[in-house]
Amino acid sequence: MKEQVPPPFEPATTSSPVDLRADSVSALRRNVKRRSFLRGLGAAGAVVPMGGLLATKANAAPSKPTKGDIAILQFLLAVELIETDLWQQYNELGGVNGGNPAYIAALSNLDGDMPQYIADNTDDEMSHSTFLKAYLESIGANPVSLDNFRNLPSSHATGARNVGRLTNLQALNVDLSWYTRYRGTGNPDLGAAFNSPFAITNQPAIPLNNSDTPPDTSIPDPNDTPGSQFTGAVARMQAIANTAGFHFAFIEQGGASLYTTMSLKATSLEVLRIIVSIGGAEINHFSVWHDKAGNAVSQPLAGVVDPVSKLKFPDLNNSPFGGESFQTNLIMPEPCQFLRADLPECSVIRPSSTALGGAVATIKAFTDDLLFFNQPPAFLSLLMDLAVAADAAERLG
């Protein structure tokens with residue numbers, strides 16, 4: 001989706017008729033007398049407030065981006081290029097114009113609008129990377145390019161383009177600790193730890209090839225055939241689509257924390273505006289995918305078992321799970337500890353500390369996810385250099 005810059009704010013006007021009752025007229029006369037009195041103070045009396053006004057305007061003016069601001073935006077551009085790459089892969093196969101019918105059908109079992117949401121998320125990430133590159137160039141800063149590292153193989157399944165990739169989606173270790181984190185009252189920034197409800201290990205999130213997952217496989221509606229009864233190629237494709245659903249949320253919750261953390265480091269008001277505006281979109285993405293992922297682990301789709309990896313998507317609403325720590329429709333961030341343990345609990349994005357939600361933490365999470373599997377050391381070194389510089393940025397003034 002292409003974001004538009006809103007027009008400057010203008011105070012609202014009213015066309016309500018003037019109240020000419022006696023009490024209103026009396027109040028109006030008092031205001032006229034007061035204005036006459038203020039004019040009687042002369043120019044000297046007006047100089048002080050005008051000087052204060054000018055100083056206030058000067059202090060509020062956007063400052064020139066600092067070295068730290070540029071480091072933040074360069075790192076965010078790298079992340080958006082990475083996200084664009086992975087979302088393009090999902091979109092080619094499973095988006096609204098995707099080319100793999102069986103994958104689209106399996107994704108649609110999570111929600112009928114999944115293909116449209118995938119296409120929209122892809123457009124959003126593309127717009128973020130395009131904007132950040134253009135902005136950096138507009139202020140005379142060097143944008144980041146990762147084109148030299150587009151060497152990872154594409155899927156061989158119907159619908160995938162045969163081009164080099166930045167990211168690997170063919171074997172992932174998807175961290176699911178965000179699922180219980182956003183349902184708990186603890187905060188990782190204050191030492192709380194959260195376990196994944198189940199493990200997704202070395203699992204594909206996109207179809208690998210047409211032998212493993214034939215694109216013409218008929219994927220049943222779980223309302224007619226429960227997920228626990230899926231077998232063979234049907235179960236394999238559904239497990240891959242379910243993995244994608246959880247991976248979508250994992251990626252976007254990381255963006256929610258990253259942008260929140262980076263906003264605390266920006267000096268320029270214009271750079272701050274960029275960070276919080278794009279960050280808001282990332283939070284919205286996470287909210288959507290959090291909701292859809294829950295459909296993979298609730299009835300009637302729960303119970304799918306991948307016949308190849310043996311990964312099972314359990315019913316998180318029933319024993320041995322169940323309760324608020326696992327309830328699938330509790331997608332709003334639960335109020336949790338924030339800033340200090342002695343303060344009331346508050347519904348917030350978490351983590352938001354540099355140590356857990358910052359740039360280095362983001363690259364570590366992506367690496368643990370196997371997103372960069374088979375990328376050369378030079379790629380990871382470049383990303384880590386950018387991450388360290390972004391984390392080191394400090395708000396000035």
# chains A, B, ... in the order shown; residues from 1 in each chain; ligands from 1
call {"tool": "select_by_dssp", "arguments": {"residues": "range 58-147 of chain A", "states": "alpha helix (DSSP H)", "output": "PDB file with C-alpha atoms, in the first residue's frame"}}
result
ATOM      1  CA  ALA A  58      12.719  27.606  16.834  1.00  0.00           C
ATOM      2  CA  ASN A  59      12.950  24.878  19.450  1.00  0.00           C
ATOM      3  CA  ALA A  60      10.109  22.944  17.817  1.00  0.00           C
ATOM      4  CA  LYS A  67      24.931  10.726  12.326  1.00  0.00           C
ATOM      5  CA  GLY A  68      22.979   8.506  14.707  1.00  0.00           C
ATOM      6  CA  ASP A  69      19.703   9.208  12.892  1.00  0.00           C
ATOM      7  CA  ILE A  70      21.294   8.192   9.598  1.00  0.00           C
ATOM      8  CA  ALA A  71      22.649   4.990  11.148  1.00  0.00           C
ATOM      9  CA  ILE A  72      19.155   4.136  12.369  1.00  0.00           C
ATOM     10  CA  LEU A  73      17.582   4.712   8.952  1.00  0.00           C
ATOM     11  CA  GLN A  74      20.321   2.763   7.162  1.00  0.00           C
ATOM     12  CA  PHE A  75      19.696  -0.225   9.397  1.00  0.00           C
ATOM     13  CA  LEU A  76      15.927   0.048   9.025  1.00  0.00           C
ATOM     14  CA  LEU A  77      16.379   0.149   5.252  1.00  0.00           C
ATOM     15  CA  ALA A  78      18.390  -3.089   5.431  1.00  0.00           C
ATOM     16  CA  VAL A  79      15.627  -4.711   7.487  1.00  0.00           C
ATOM     17  CA  GLU A  80      12.948  -3.532   5.068  1.00  0.00           C
ATOM     18  CA  LEU A  81      14.922  -4.937   2.126  1.00  0.00           C
ATOM     19  CA  ILE A  82      15.082  -8.254   3.961  1.00  0.00           C
ATOM     20  CA  GLU A  83      11.371  -8.166   4.733  1.00  0.00           C
ATOM     21  CA  THR A  84      10.549  -7.209   1.149  1.00  0.00           C
ATOM     22  CA  ASP A  85      12.515 -10.213  -0.094  1.00  0.00           C
ATOM     23  CA  LEU A  86      10.747 -12.733   2.123  1.00  0.00           C
ATOM     24  CA  TRP A  87       7.301 -11.256   1.551  1.00  0.00           C
ATOM     25  CA  GLN A  88       7.822 -11.342  -2.209  1.00  0.00           C
ATOM     26  CA  GLN A  89       8.443 -15.068  -1.951  1.00  0.00           C
ATOM     27  CA  TYR A  90       5.254 -15.568   0.027  1.00  0.00           C
ATOM     28  CA  ASN A  91       3.335 -13.359  -2.390  1.00  0.00           C
ATOM     29  CA  GLU A  92       4.536 -15.129  -5.537  1.00  0.00           C
ATOM     30  CA  LEU A  93       3.207 -18.422  -4.249  1.00  0.00           C
ATOM     31  CA  GLY A  94       0.323 -17.514  -1.969  1.00  0.00           C
ATOM     32  CA  PRO A 101      -3.295 -23.008  -6.087  1.00  0.00           C
ATOM     33  CA  ALA A 102      -2.804 -25.628  -3.367  1.00  0.00           C
ATOM     34  CA  TYR A 103      -0.713 -23.275  -1.214  1.00  0.00           C
ATOM     35  CA  ILE A 104      -3.300 -20.513  -1.629  1.00  0.00           C
ATOM     36  CA  ALA A 105      -6.064 -22.913  -0.585  1.00  0.00           C
ATOM     37  CA  ALA A 106      -4.111 -24.056   2.482  1.00  0.00           C
ATOM     38  CA  LEU A 107      -3.407 -20.472   3.512  1.00  0.00           C
ATOM     39  CA  SER A 108      -7.082 -19.669   3.025  1.00  0.00           C
ATOM     40  CA  MET A 114      -5.004 -14.475   3.674  1.00  0.00           C
ATOM     41  CA  PRO A 115      -3.954 -14.087   0.001  1.00  0.00           C
ATOM     42  CA  GLN A 116      -5.065 -10.440   0.006  1.00  0.00           C
ATOM     43  CA  TYR A 117      -3.337  -9.740   3.316  1.00  0.00           C
ATOM     44  CA  ILE A 118      -0.112 -11.289   1.995  1.00  0.00           C
ATOM     45  CA  ALA A 119      -0.237  -9.107  -1.117  1.00  0.00           C
ATOM     46  CA  ASP A 120      -0.911  -6.003   0.985  1.00  0.00           C
ATOM     47  CA  ASN A 121       1.890  -6.749   3.451  1.00  0.00           C
ATOM     48  CA  THR A 122       4.257  -7.221   0.519  1.00  0.00           C
ATOM     49  CA  ASP A 123       3.277  -3.843  -0.940  1.00  0.00           C
ATOM     50  CA  ASP A 124       3.765  -2.205   2.453  1.00  0.00           C
ATOM     51  CA  GLU A 125       7.294  -3.541   2.919  1.00  0.00           C
ATOM     52  CA  MET A 126       8.214  -2.531  -0.629  1.00  0.00           C
ATOM     53  CA  SER A 127       6.952   0.995   0.065  1.00  0.00           C
ATOM     54  CA  HIS A 128       8.971   1.162   3.298  1.00  0.00           C
ATOM     55  CA  SER A 129      12.243   0.187   1.617  1.00  0.00           C
ATOM     56  CA  THR A 130      11.617   2.486  -1.362  1.00  0.00           C
ATOM     57  CA  PHE A 131      10.819   5.447   0.883  1.00  0.00           C
ATOM     58  CA  LEU A 132      13.770   4.945   3.236  1.00  0.00           C
ATOM     59  CA  LYS A 133      16.191   4.693   0.309  1.00  0.00           C
ATOM     60  CA  ALA A 134      14.790   7.864  -1.281  1.00  0.00           C
ATOM     61  CA  TYR A 135      14.855   9.772   2.015  1.00  0.00           C
ATOM     62  CA  LEU A 136      18.463   8.866   2.741  1.00  0.00           C
ATOM     63  CA  GLU A 137      19.441   9.998  -0.737  1.00  0.00           C
ATOM     64  CA  SER A 138      17.488  13.244  -0.311  1.00  0.00           C
TER      65      SER A 138
END
call {"tool": "residues_around", "arguments": {"residues": "Ile219 in chain A", "least_positions_apart": "4", "cutoff": "12 Å", "atoms": "only C-alpha atoms", "output": "PyMOL selection string"}}
result
chain A and resi 101-109+213-215+223-227+229-239+241+301
call {"tool": "residues_around", "arguments": {"residues": "Leu190 in chain A", "least_positions_apart": "5", "cutoff": "12 Å", "atoms": "only C-alpha atoms", "output": "JSON, numbers by chain"}}
result
{"A": [185, 336, 337, 338, 339, 340, 341, 342, 350, 351, 352, 353, 355, 356]}
call {"tool": "write_last_selection", "arguments": {"atoms": "N, CA and C atoms", "output": "PDB file, in the first residue's frame"}}
result
ATOM      1  N   THR A 185       1.686 -11.406  31.822  1.00  0.00           N
ATOM      2  CA  THR A 185       1.797 -10.121  32.517  1.00  0.00           C
ATOM      3  C   THR A 185       3.242  -9.740  32.795  1.00  0.00           C
ATOM      4  N   CYS A 336       0.957  -5.648  31.043  1.00  0.00           N
ATOM      5  CA  CYS A 336       2.115  -6.288  31.664  1.00  0.00           C
ATOM      6  C   CYS A 336       2.921  -5.252  32.437  1.00  0.00           C
ATOM      7  N   GLN A 337       3.923  -5.720  33.156  1.00  0.00           N
ATOM      8  CA  GLN A 337       4.835  -4.803  33.816  1.00  0.00           C
ATOM      9  C   GLN A 337       5.506  -3.926  32.766  1.00  0.00           C
ATOM     10  N   PHE A 338       5.733  -2.670  33.132  1.00  0.00           N
ATOM     11  CA  PHE A 338       6.337  -1.739  32.174  1.00  0.00           C
ATOM     12  C   PHE A 338       7.175  -0.715  32.919  1.00  0.00           C
ATOM     13  N   LEU A 339       8.373  -0.521  32.492  1.00  0.00           N
ATOM     14  CA  LEU A 339       9.366   0.393  33.036  1.00  0.00           C
ATOM     15  C   LEU A 339       9.884  -0.054  34.399  1.00  0.00           C
ATOM     16  N   ARG A 340       8.968  -0.188  35.382  1.00  0.00           N
ATOM     17  CA  ARG A 340       9.360  -0.641  36.718  1.00  0.00           C
ATOM     18  C   ARG A 340       8.281  -1.554  37.283  1.00  0.00           C
ATOM     19  N   ALA A 341       8.697  -2.472  38.138  1.00  0.00           N
ATOM     20  CA  ALA A 341       7.761  -3.439  38.707  1.00  0.00           C
ATOM     21  C   ALA A 341       6.773  -2.791  39.658  1.00  0.00           C
ATOM     22  N   ASP A 342       7.086  -1.583  40.186  1.00  0.00           N
ATOM     23  CA  ASP A 342       6.199  -0.946  41.153  1.00  0.00           C
ATOM     24  C   ASP A 342       5.095  -0.127  40.488  1.00  0.00           C
ATOM     25  N   ARG A 350       6.294  -5.083  23.673  1.00  0.00           N
ATOM     26  CA  ARG A 350       7.436  -5.564  24.442  1.00  0.00           C
ATOM     27  C   ARG A 350       8.122  -6.708  23.705  1.00  0.00           C
ATOM     28  N   PRO A 351       9.485  -6.696  23.779  1.00  0.00           N
ATOM     29  CA  PRO A 351      10.368  -5.771  24.486  1.00  0.00           C
ATOM     30  C   PRO A 351      10.534  -4.454  23.739  1.00  0.00           C
ATOM     31  N   SER A 352      11.064  -3.446  24.467  1.00  0.00           N
ATOM     32  CA  SER A 352      11.384  -2.168  23.833  1.00  0.00           C
ATOM     33  C   SER A 352      12.751  -1.672  24.287  1.00  0.00           C
ATOM     34  N   SER A 353      13.540  -2.564  24.877  1.00  0.00           N
ATOM     35  CA  SER A 353      14.904  -2.220  25.277  1.00  0.00           C
ATOM     36  C   SER A 353      15.850  -2.503  24.121  1.00  0.00           C
ATOM     37  N   ALA A 355      18.686  -3.995  24.336  1.00  0.00           N
ATOM     38  CA  ALA A 355      19.251  -5.339  24.486  1.00  0.00           C
ATOM     39  C   ALA A 355      18.353  -6.409  23.871  1.00  0.00           C
ATOM     40  N   LEU A 356      17.039  -6.258  23.985  1.00  0.00           N
ATOM     41  CA  LEU A 356      16.123  -7.313  23.547  1.00  0.00           C
ATOM     42  C   LEU A 356      15.318  -6.955  22.306  1.00  0.00           C
TER      43      LEU A 356
END
call {"tool": "select_by_dssp", "arguments": {"residues": "range 127-361 of chain A", "states": "strand (DSSP E)", "output": "PyMOL selection string"}}
result
chain A and resi 172-174+200-203
call {"tool": "residues_around", "arguments": {"residues": "Asn173 in chain A", "least_positions_apart": "3", "cutoff": "6 Å", "atoms": "only C-alpha atoms", "output": "PDB file with N, CA and C atoms, in the first residue's frame"}}
result
ATOM      1  N   ILE A 200       8.586 -25.241  16.222  1.00  0.00           N
ATOM      2  CA  ILE A 200       8.651 -25.351  14.770  1.00  0.00           C
ATOM      3  C   ILE A 200      10.129 -25.331  14.401  1.00  0.00           C
ATOM      4  N   THR A 201      10.650 -26.490  13.990  1.00  0.00           N
ATOM      5  CA  THR A 201      12.073 -26.658  13.773  1.00  0.00           C
ATOM      6  C   THR A 201      12.361 -27.204  12.381  1.00  0.00           C
ATOM      7  N   ASN A 202      13.245 -26.540  11.661  1.00  0.00           N
ATOM      8  CA  ASN A 202      13.676 -26.986  10.334  1.00  0.00           C
ATOM      9  C   ASN A 202      12.491 -27.275   9.416  1.00  0.00           C
ATOM     10  N   ASP A 369      16.404 -17.834  13.340  1.00  0.00           N
ATOM     11  CA  ASP A 369      15.244 -18.263  12.556  1.00  0.00           C
ATOM     12  C   ASP A 369      15.666 -19.058  11.311  1.00  0.00           C
TER      13      ASP A 369
END
call {"tool": "closest_atom_pairs", "arguments": {"of": "range 347-368 of chain A", "to": "range 166-171 of chain A", "cutoff": "12 Å", "atoms": "only C-alpha atoms", "output": "CSV"}}
result
residue,atom,partner,partner_atom,distance
A:Phe366,CA,A:Thr167,CA,9.6
A:Thr367,CA,A:Thr167,CA,10.2
A:Asp368,CA,A:Ala171,CA,11.5
call {"tool": "atom_distance", "arguments": {"atom1": "CA of Leu176 in chain A", "atom2": "CA of Ala249 in chain A"}}
result
9.0 Å
call {"tool": "atom_distance", "arguments": {"atom1": "CA of Arg181 in chain A", "atom2": "CA of Asn195 in chain A"}}
result
8.2 Å
call {"tool": "closest_residue", "arguments": {"among": "A:Pro376, A:Gly397, A:Pro197, A:Gly184", "to": "Pro314 in chain A", "atoms": "only C-alpha atoms"}}
result
A:Pro197
call {"tool": "closest_residue", "arguments": {"among": "A:Ile275, A:Phe198, A:Pro220, A:Leu380", "to": "Asp315 in chain A", "atoms": "only C-alpha atoms"}}
result
A:Phe198
call {"tool": "closest_residue", "arguments": {"among": "A:Ala378, A:Ala199, A:Met332, A:Gly280", "to": "Ser347 in chain A", "atoms": "only C-alpha atoms"}}
result
A:Met332
call {"tool": "decode", "arguments": {"residues": "range 136-263 of chain A", "atoms": "C-alpha atoms", "output": "PDB file, in the first residue's frame"}}
result
ATOM      1  CA  LEU A 136      18.463   8.866   2.741  1.00  0.00           C
ATOM      2  CA  GLU A 137      19.441   9.998  -0.737  1.00  0.00           C
ATOM      3  CA  SER A 138      17.488  13.244  -0.311  1.00  0.00           C
ATOM      4  CA  ILE A 139      19.585  14.220   2.723  1.00  0.00           C
ATOM      5  CA  GLY A 140      22.872  13.251   1.076  1.00  0.00           C
ATOM      6  CA  ALA A 141      23.323   9.983   2.993  1.00  0.00           C
ATOM      7  CA  ASN A 142      24.298   6.659   1.479  1.00  0.00           C
ATOM      8  CA  PRO A 143      21.466   4.140   1.229  1.00  0.00           C
ATOM      9  CA  VAL A 144      22.151   0.483   1.918  1.00  0.00           C
ATOM     10  CA  SER A 145      22.176  -2.084  -0.896  1.00  0.00           C
ATOM     11  CA  LEU A 146      22.048  -5.841  -0.361  1.00  0.00           C
ATOM     12  CA  ASP A 147      21.897  -6.729  -4.049  1.00  0.00           C
ATOM     13  CA  ASN A 148      25.303  -8.445  -4.017  1.00  0.00           C
ATOM     14  CA  PHE A 149      23.873 -11.052  -1.650  1.00  0.00           C
ATOM     15  CA  ARG A 150      20.820 -12.111  -3.640  1.00  0.00           C
ATOM     16  CA  ASN A 151      22.222 -15.586  -4.161  1.00  0.00           C
ATOM     17  CA  LEU A 152      20.003 -17.960  -2.198  1.00  0.00           C
ATOM     18  CA  PRO A 153      17.924 -20.387  -4.282  1.00  0.00           C
ATOM     19  CA  SER A 154      14.241 -19.978  -5.019  1.00  0.00           C
ATOM     20  CA  SER A 155      11.618 -22.599  -4.413  1.00  0.00           C
ATOM     21  CA  HIS A 156      11.122 -24.992  -7.332  1.00  0.00           C
ATOM     22  CA  ALA A 157       7.366 -25.110  -6.770  1.00  0.00           C
ATOM     23  CA  THR A 158       4.890 -23.766  -9.312  1.00  0.00           C
ATOM     24  CA  GLY A 159       4.483 -20.000  -8.902  1.00  0.00           C
ATOM     25  CA  ALA A 160       7.959 -19.141  -7.645  1.00  0.00           C
ATOM     26  CA  ARG A 161      10.216 -16.981  -9.812  1.00  0.00           C
ATOM     27  CA  ASN A 162      13.680 -18.355 -10.517  1.00  0.00           C
ATOM     28  CA  VAL A 163      15.668 -15.445  -9.053  1.00  0.00           C
ATOM     29  CA  GLY A 164      18.297 -15.044  -6.364  1.00  0.00           C
ATOM     30  CA  ARG A 165      17.007 -14.425  -2.839  1.00  0.00           C
ATOM     31  CA  LEU A 166      18.261 -12.705   0.288  1.00  0.00           C
ATOM     32  CA  THR A 167      16.280 -14.934   2.620  1.00  0.00           C
ATOM     33  CA  ASN A 168      15.648 -18.611   3.184  1.00  0.00           C
ATOM     34  CA  LEU A 169      12.062 -19.774   3.771  1.00  0.00           C
ATOM     35  CA  GLN A 170      12.637 -23.432   2.960  1.00  0.00           C
ATOM     36  CA  ALA A 171      13.783 -24.561   6.411  1.00  0.00           C
ATOM     37  CA  LEU A 172      12.980 -22.362   9.406  1.00  0.00           C
ATOM     38  CA  ASN A 173      13.215 -22.470  13.189  1.00  0.00           C
ATOM     39  CA  VAL A 174      10.292 -20.223  14.084  1.00  0.00           C
ATOM     40  CA  ASP A 175      10.459 -18.720  17.576  1.00  0.00           C
ATOM     41  CA  LEU A 176       6.954 -18.790  19.072  1.00  0.00           C
ATOM     42  CA  SER A 177       7.758 -17.205  22.433  1.00  0.00           C
ATOM     43  CA  TRP A 178       5.927 -14.053  21.276  1.00  0.00           C
ATOM     44  CA  TYR A 179       2.682 -16.065  21.504  1.00  0.00           C
ATOM     45  CA  THR A 180       2.883 -16.517  25.284  1.00  0.00           C
ATOM     46  CA  ARG A 181       4.719 -13.214  25.822  1.00  0.00           C
ATOM     47  CA  TYR A 182       1.769 -11.161  24.603  1.00  0.00           C
ATOM     48  CA  ARG A 183      -0.630 -13.186  26.748  1.00  0.00           C
ATOM     49  CA  GLY A 184       1.411 -12.879  29.945  1.00  0.00           C
ATOM     50  CA  THR A 185       1.797 -10.121  32.517  1.00  0.00           C
ATOM     51  CA  GLY A 186       5.586 -10.320  32.634  1.00  0.00           C
ATOM     52  CA  ASN A 187       7.892  -8.196  30.509  1.00  0.00           C
ATOM     53  CA  PRO A 188      11.161  -9.495  29.030  1.00  0.00           C
ATOM     54  CA  ASP A 189      12.693  -6.049  29.591  1.00  0.00           C
ATOM     55  CA  LEU A 190      12.225  -6.689  33.312  1.00  0.00           C
ATOM     56  CA  GLY A 191      13.561 -10.236  33.255  1.00  0.00           C
ATOM     57  CA  ALA A 192      10.501 -12.322  32.385  1.00  0.00           C
ATOM     58  CA  ALA A 193      11.085 -15.371  30.166  1.00  0.00           C
ATOM     59  CA  PHE A 194       8.562 -17.055  27.895  1.00  0.00           C
ATOM     60  CA  ASN A 195       8.486 -20.504  26.328  1.00  0.00           C
ATOM     61  CA  SER A 196       7.085 -21.401  22.930  1.00  0.00           C
ATOM     62  CA  PRO A 197       3.804 -23.333  23.150  1.00  0.00           C
ATOM     63  CA  PHE A 198       5.281 -25.863  20.692  1.00  0.00           C
ATOM     64  CA  ALA A 199       8.360 -26.073  18.480  1.00  0.00           C
ATOM     65  CA  ILE A 200       8.651 -25.351  14.770  1.00  0.00           C
ATOM     66  CA  THR A 201      12.073 -26.658  13.773  1.00  0.00           C
ATOM     67  CA  ASN A 202      13.676 -26.986  10.334  1.00  0.00           C
ATOM     68  CA  GLN A 203      10.257 -26.579   8.735  1.00  0.00           C
ATOM     69  CA  PRO A 204       9.473 -25.078   5.303  1.00  0.00           C
ATOM     70  CA  ALA A 205       7.109 -22.114   5.163  1.00  0.00           C
ATOM     71  CA  ILE A 206       6.713 -22.254   1.374  1.00  0.00           C
ATOM     72  CA  PRO A 207       6.243 -25.226  -0.966  1.00  0.00           C
ATOM     73  CA  LEU A 208       9.618 -26.684  -1.946  1.00  0.00           C
ATOM     74  CA  ASN A 209       8.810 -28.384  -5.231  1.00  0.00           C
ATOM     75  CA  ASN A 210       5.930 -30.002  -7.105  1.00  0.00           C
ATOM     76  CA  SER A 211       6.876 -33.554  -6.063  1.00  0.00           C
ATOM     77  CA  ASP A 212       6.691 -32.759  -2.355  1.00  0.00           C
ATOM     78  CA  THR A 213       3.570 -30.607  -2.672  1.00  0.00           C
ATOM     79  CA  PRO A 214       1.750 -30.914  -6.026  1.00  0.00           C
ATOM     80  CA  PRO A 215       0.186 -27.541  -6.884  1.00  0.00           C
ATOM     81  CA  ASP A 216      -3.067 -29.201  -7.954  1.00  0.00           C
ATOM     82  CA  THR A 217      -3.587 -30.937  -4.606  1.00  0.00           C
ATOM     83  CA  SER A 218      -7.196 -30.508  -3.496  1.00  0.00           C
ATOM     84  CA  ILE A 219      -7.116 -28.924  -0.034  1.00  0.00           C
ATOM     85  CA  PRO A 220     -10.331 -29.630   1.904  1.00  0.00           C
ATOM     86  CA  ASP A 221     -12.230 -27.099   3.982  1.00  0.00           C
ATOM     87  CA  PRO A 222     -11.625 -27.967   7.669  1.00  0.00           C
ATOM     88  CA  ASN A 223     -15.303 -27.319   8.369  1.00  0.00           C
ATOM     89  CA  ASP A 224     -15.962 -30.380   6.236  1.00  0.00           C
ATOM     90  CA  THR A 225     -12.839 -32.396   7.066  1.00  0.00           C
ATOM     91  CA  PRO A 226     -11.123 -31.480  10.373  1.00  0.00           C
ATOM     92  CA  GLY A 227      -7.413 -30.762  10.202  1.00  0.00           C
ATOM     93  CA  SER A 228      -6.686 -33.778  12.388  1.00  0.00           C
ATOM     94  CA  GLN A 229      -7.889 -35.957   9.489  1.00  0.00           C
ATOM     95  CA  PHE A 230      -5.628 -34.384   6.860  1.00  0.00           C
ATOM     96  CA  THR A 231      -3.133 -36.872   5.431  1.00  0.00           C
ATOM     97  CA  GLY A 232      -0.432 -37.160   2.760  1.00  0.00           C
ATOM     98  CA  ALA A 233       0.170 -34.200   0.464  1.00  0.00           C
ATOM     99  CA  VAL A 234      -2.818 -32.384   1.961  1.00  0.00           C
ATOM    100  CA  ALA A 235      -1.355 -32.508   5.455  1.00  0.00           C
ATOM    101  CA  ARG A 236       2.093 -31.564   4.151  1.00  0.00           C
ATOM    102  CA  MET A 237       0.817 -28.470   2.340  1.00  0.00           C
ATOM    103  CA  GLN A 238      -1.366 -27.409   5.275  1.00  0.00           C
ATOM    104  CA  ALA A 239       1.551 -27.762   7.693  1.00  0.00           C
ATOM    105  CA  ILE A 240       3.671 -25.570   5.414  1.00  0.00           C
ATOM    106  CA  ALA A 241       0.905 -22.945   5.263  1.00  0.00           C
ATOM    107  CA  ASN A 242       0.464 -23.091   9.054  1.00  0.00           C
ATOM    108  CA  THR A 243       4.198 -22.553   9.499  1.00  0.00           C
ATOM    109  CA  ALA A 244       3.958 -19.519   7.235  1.00  0.00           C
ATOM    110  CA  GLY A 245       1.129 -18.122   9.359  1.00  0.00           C
ATOM    111  CA  PHE A 246       3.272 -18.269  12.501  1.00  0.00           C
ATOM    112  CA  HIS A 247       6.311 -16.964  10.646  1.00  0.00           C
ATOM    113  CA  PHE A 248       4.353 -13.918   9.455  1.00  0.00           C
ATOM    114  CA  ALA A 249       3.607 -12.995  13.065  1.00  0.00           C
ATOM    115  CA  PHE A 250       7.185 -13.694  14.205  1.00  0.00           C
ATOM    116  CA  ILE A 251       8.620 -11.319  11.594  1.00  0.00           C
ATOM    117  CA  GLU A 252       6.169  -8.505  12.264  1.00  0.00           C
ATOM    118  CA  GLN A 253       6.317  -8.641  16.067  1.00  0.00           C
ATOM    119  CA  GLY A 254      10.061  -8.186  15.692  1.00  0.00           C
ATOM    120  CA  GLY A 255       9.424  -5.097  13.599  1.00  0.00           C
ATOM    121  CA  ALA A 256       7.031  -3.757  16.235  1.00  0.00           C
ATOM    122  CA  SER A 257       9.733  -3.952  18.910  1.00  0.00           C
ATOM    123  CA  LEU A 258      12.534  -2.739  16.634  1.00  0.00           C
ATOM    124  CA  TYR A 259      10.774   0.446  15.520  1.00  0.00           C
ATOM    125  CA  THR A 260       9.675   1.201  19.073  1.00  0.00           C
ATOM    126  CA  THR A 261      13.251   0.837  20.284  1.00  0.00           C
ATOM    127  CA  MET A 262      14.748   2.906  17.471  1.00  0.00           C
ATOM    128  CA  SER A 263      12.259   5.739  18.055  1.00  0.00           C
TER     129      SER A 263
END
